[in-house]
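Visitor: Handing you a structure now.
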Amino acid sequence: MANDIQLAASATSALTESDIRVNYNNLRQYVGGVNQSGGMLVFASNNAGANWSATTLPLAPGQNLLSDPTFDWTSDGTAWALAIAYSNDSSGNPTNLQVASFRSTNATSASPTWTFDSIVSGTQKKTDKASLWVDRTPTSPFKDNMYAIWHNGVQAFVARRAGPSGAWQTPVQVSGSETSFTSDGGDVKTNQSGDVFAFWPNAGGQTLLVAKSTNGGANFGSPVQIATTLGKFEIGIPAQNIRRVLIYITAGAFRTANEDLVFAAWMDLAGGDKCNAPGREPGSNAASDCKSRIWFSRSTNGGANWSTPVKINDQGSKNDQFHPRMTIDEITGELVIIYYDTVNDPVRVKADVWMQRSADFGASWSGTLRITSAATDETSAGADVINQFGDYIGMTGHSGQFFGCWTDRRSGKNEEIWGAPLRDTPVEYLAGIAANHSINVYRYDPSTNWTAGNIPWASMVGPLTSWVVGDVWHLAGVATDQNLYVLWQSPGRDWQAANISQMSGQTVVGSVTSWIHGTSEFIAGIAANHSINVYRYDPS
């Protein structure tokens with residue numbers, strides 16, 4: 001794909017573990033974060049990922065460090081972040097680990113401001129690995145409810161908040177006596193009916209579990225087993241044998257009038273006689289017959305029963321897959337998953353990020369597509385060997401638009417945060433004015449060849465100009481009323497339009513052109529008085 005970019009060039013220390021979320025009410029806006037030394041680096045875009053800015057989360061009184069970023073948006077345009085907030089004891093050791101909440105009403109502006117909101121985890125002092133999710137479905141009775149899951153020692157907890165104006169409620173313990181050792185690596189998701197699904201690994205029992213709430217997270221049913229794991233808690237592989245790779249769940253849910261689906265994916269040993277128990281993991285041995293793979297299971301009855309787990313890409317070579325992150329498009333139902341894979345390195349230490357898709361709710365998966373244009377080696381000299389790749393990477397998606405982010409050290413210096421829009425194949429567009437003054441639109445996709453569409457409402461006479469920002473295609477042209485119109489389409493959505501001549505009060509009679517400079521978009525046209533009218537769109 002080779003369209004990956006560095007998201008936070010201003011970082012001055014090693015970066016590990018990232019999360020990202022698109023604003024589902026404005027697909028041009030992204031916000032995400034990544035661990036950095038002493039705090040949390042936040043990166044954001046207001047033009048669909050074409051450009052990025054960076055800032056940091058503030059420390060609340062008594063906090064010395066923030067880690068484990070997770071982000072989301074409420075429908076009022078507020079961006080939210082959760083992090084594990086530490087304070088240090090008299091010896092300088094981290095203690096009092098709490099889940100802290102932060103908010104921003106201008107997260108994608110040129111000068112964003114983030115403020116500490118509250119402590120989510122109550123009186124708990126040993127929290128870790130929080131994950132945040134907002135119910136954004138218009139049909140849900142709990143729209144804008146916010147949910148967080150984390151583990152406090154052995155057990156998994158979920159807290160809820162009724163929208164941006166509410167307050168975080170007392171955490172609910174979702175795991176029980178079936179869970180032992182730790183539940184580190186959970187996830188929380190909702191479906192279109194507002195059902196809440198809390199996922200976690202039972203590391204001591206080597207099982208993966210889910211509990212469901214049908215009342216907006218007030219309480220949850222008994223845990224249901226998704227699968228058993230061959231590894232236990234963490235797996236050592238050549239690419240990450242010092243820190244080791246966490247077995248965690250990445251999940252999704254999707255419900256329509258005919259479907260009630262829940263999905264889970266995770267990393268585990270590949271199986272077989274030589275790779276089916278914790279003591280058989282490859283460790284640092286590149287010649288080992290044991291390897292790690294990404295596994296997947298789904299439920300077709302709302303989480304009550306689960307399919308036999310399958311490996312979505314079981315290559316015959318000795319390579320390792322790890323750190324999966326999966327997203328389901330809540331509009332189309334398409335599943336997209338990304339993960340690291342060392343398949344291009346015979347010594348199994350250099351990893352690229354790869355992508356797969358499923359258009360049939362996980363019944364089958366596409367072939368692989370490499371996202372990164374350069375591999376990362378977290379075992380070489382100068383690497384942050386204590387953290388290596390960290391424990392997870394980030395991905396988000398909605399309305400056909402997906403974006404991933406990950407730890408990347410291709411520079412050979414400090415670990416950086418990189419990302420990319422996730423597209424299967426390059427798509428090309430043409431547009432022209434038909435004899436009836438409507439706009440004919442032609443789209444070329446190598447997988448389907450040319451397809452044609454029409455925008456019949458627009459009565460156009462003048463030449464068209466076009467430009468692309470992220471995954472949003474724009475057209476501009478003069479209509480029969482001599483007004484200048486802008487039309488745009490996001491993936492999976494209908495065309496939208498605006499008459500921008502109204503801004504100047506002048507009609508347009510001559511040629512129209514467009515360009516992009518920085519984060520701003522420009523259109524220029526010759527007015528009826530022969531002057532040049534220039535229109536500028538600034539996302540901020």
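Residues in the structure tokens are numbered from 1 in each chain, the chains being A, B, ... in the order shown, and ligands are numbered from 1 in the order shown.
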Quick one: everything within 7 Å of region 64-70 of chain A, counting only C-alpha atoms, minus sequence neighbours fewer than 3 positions away in the same chain. Send it as a tab-separated table (two decimals) with C-alpha atoms, in the first residue's frame.
Guide:
chain	number	residue	atom	x	y	z
A	17	GLU	CA	0.94	0.98	22.71
A	18	SER	CA	-1.51	3.11	20.73
A	19	ASP	CA	-5.21	3.59	20.21
A	33	GLY	CA	-2.71	8.46	21.75
A	34	VAL	CA	0.41	6.52	22.57
A	35	ASN	CA	2.60	5.92	25.63
A	38	GLY	CA	6.43	10.20	31.63
A	39	GLY	CA	3.07	10.78	30.00
A	40	MET	CA	0.61	10.34	27.16
A	59	LEU	CA	-1.38	15.12	34.78
A	81	ALA	CA	-9.45	9.54	26.71
A	82	LEU	CA	-8.82	7.01	29.43
A	83	ALA	CA	-5.39	6.26	30.85
A	84	ILE	CA	-3.89	4.41	33.79
A	85	ALA	CA	-2.73	7.16	36.16
A	86	TYR	CA	0.16	6.40	38.50
A	87	SER	CA	1.53	8.06	41.56
A	88	ASN	CA	4.89	7.18	43.09
A	129	LYS	CA	-5.27	-2.02	30.51
A	130	ALA	CA	-8.47	0.01	30.27
A	131	SER	CA	-10.52	0.00	27.06
A	132	LEU	CA	-13.16	2.65	26.21
Visitor: Rank A:Thr396, A:Thr451, A:Asn305, A:Ser531 by their smallest atom-to-atom distance to Ile338 (chain A), using only C-alpha atoms, and report the top residue only.
Guide: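 The closest residue to Ile338 (chain A) is A:Thr396.
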Visitor: Fewer than 2 positions away in the same chain doesn't count, so skip those; otherwise give me all residues within 10 Å of region 179-183 of chain A, counting only C-alpha atoms, as a ChimeraX atom specification.
Guide: /A:128-129,150-157,175-177,185-186,199-209,223,233,248
Visitor: When you count only C-alpha atoms, which of these residues is closest to Asp377 (chain A): A:Ala239, A:Trp450, A:Glu416, A:Val336?
Guide: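 Closest to Asp377 (chain A), using only C-alpha atoms: A:Ala239.
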Visitor: Which is closest to Ile312 (chain A) among A:Arg103, A:Arg357, A:Arg244, A:His517, if we use only C-alpha atoms?
Guide: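 Using only C-alpha atoms, Ile312 (chain A) sits closest to A:Arg357.
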Visitor: Check the DSSP output for the backbone and give back, as a ChimeraX atom specification, the residues of region 84-320 of chain A in strand (DSSP E).
Guide: /A:84-88,94-104,115-119,127-134,145-152,155-162,172-173,187-190,196-202,207-213,224-228,234-237,240-246,250-255,260-269,292-299,310-311
Visitor: When you look at Ile526 (chain A) with a cut-off of 6 Å (counting only C-alpha atoms), what residues show up, excluding the ones that are within fewer than 5 positions of it in the same chain? I need them as a PDB file with all heavy atoms, in the first residue's frame.
Guide:
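Dumped to result_34.pdb:
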ATOM      1  N   VAL A 508     -21.016  32.876 -10.653  1.00  0.00           N
ATOM      2  CA  VAL A 508     -19.771  32.505 -11.311  1.00  0.00           C
ATOM      3  C   VAL A 508     -20.051  32.195 -12.769  1.00  0.00           C
ATOM      4  O   VAL A 508     -20.989  31.456 -13.078  1.00  0.00           O
ATOM      5  CB  VAL A 508     -19.130  31.297 -10.608  1.00  0.00           C
ATOM      6  CG1 VAL A 508     -17.888  30.834 -11.348  1.00  0.00           C
ATOM      7  CG2 VAL A 508     -18.768  31.653  -9.164  1.00  0.00           C
ATOM      8  N   VAL A 509     -19.235  32.722 -13.668  1.00  0.00           N
ATOM      9  CA  VAL A 509     -19.465  32.525 -15.100  1.00  0.00           C
ATOM     10  C   VAL A 509     -18.273  31.903 -15.804  1.00  0.00           C
ATOM     11  O   VAL A 509     -18.392  31.450 -16.945  1.00  0.00           O
ATOM     12  CB  VAL A 509     -19.816  33.867 -15.784  1.00  0.00           C
ATOM     13  CG1 VAL A 509     -21.114  34.434 -15.231  1.00  0.00           C
ATOM     14  CG2 VAL A 509     -18.670  34.872 -15.600  1.00  0.00           C
ATOM     15  N   GLY A 510     -17.097  31.879 -15.142  1.00  0.00           N
ATOM     16  CA  GLY A 510     -15.898  31.386 -15.807  1.00  0.00           C
ATOM     17  C   GLY A 510     -15.370  30.109 -15.201  1.00  0.00           C
ATOM     18  O   GLY A 510     -16.051  29.426 -14.437  1.00  0.00           O
ATOM     19  N   SER A 531     -14.123  39.564 -11.727  1.00  0.00           N
ATOM     20  CA  SER A 531     -13.148  39.396 -10.650  1.00  0.00           C
ATOM     21  C   SER A 531     -13.013  37.905 -10.338  1.00  0.00           C
ATOM     22  O   SER A 531     -13.783  37.074 -10.837  1.00  0.00           O
ATOM     23  CB  SER A 531     -13.591  40.163  -9.400  1.00  0.00           C
ATOM     24  OG  SER A 531     -14.809  39.628  -8.896  1.00  0.00           O
ATOM     25  N   ILE A 532     -12.031  37.591  -9.521  1.00  0.00           N
ATOM     26  CA  ILE A 532     -11.828  36.201  -9.120  1.00  0.00           C
ATOM     27  C   ILE A 532     -12.322  36.022  -7.692  1.00  0.00           C
ATOM     28  O   ILE A 532     -11.844  36.700  -6.773  1.00  0.00           O
ATOM     29  CB  ILE A 532     -10.345  35.795  -9.213  1.00  0.00           C
ATOM     30  CG1 ILE A 532      -9.844  35.927 -10.654  1.00  0.00           C
ATOM     31  CG2 ILE A 532     -10.161  34.352  -8.720  1.00  0.00           C
ATOM     32  CD1 ILE A 532      -8.363  35.652 -10.806  1.00  0.00           C
TER      33      ILE A 532
END
Visitor: List every residue of region 238-346 of chain A that has an atom at most 7 Å from any atom of region 361-365 of chain A, giving for each one its closest atom pair and the distance in Å to one decimal, counting only C-alpha atoms, sorted by chain and then by ascending residue number, as JSON lines.
Guide:
{"residue": "A:Ile312", "atom": "CA", "partner": "A:Trp365", "partner_atom": "CA", "distance": 6.5}
{"residue": "A:Gly333", "atom": "CA", "partner": "A:Phe361", "partner_atom": "CA", "distance": 6.8}
{"residue": "A:Glu334", "atom": "CA", "partner": "A:Phe361", "partner_atom": "CA", "distance": 6.6}
{"residue": "A:Leu335", "atom": "CA", "partner": "A:Phe361", "partner_atom": "CA", "distance": 6.6}
Visitor: Of the candidates A:Asn414, A:Thr300, A:Thr513, A:Thr12, which shows the shortest atom-to-atom distance to Phe389 (chain A), using only C-alpha atoms?
Guide: A:Asn414
Visitor: Find the residues near His437 (chain A): any atom within 12 Å, counting only C-alpha atoms, skip ones fewer than 6 places away on the same chain, and give them as a list in words.
Guide: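 Counting only the stated atoms, we get Asn454, Ile455, Pro456, Trp457, Ala458, Ser459, Met460, Val461, Gly462, Pro463, Leu464, Gly477, Val478, Ala479, Thr480 and Asp481 of chain A.
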Visitor: Record the distance separating CA of Ala359 (chain A) and CA of Lys189 (chain A), expressed in Å with one decimal.
Guide: 19.7 Å
Visitor: Using only C-alpha atoms, which residue out of A:Ser438, A:Ser317, A:Thr123, A:Thr74 lies closest to Arg161 (chain A)?
Guide: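 Nearest to Arg161 (chain A): A:Thr74.
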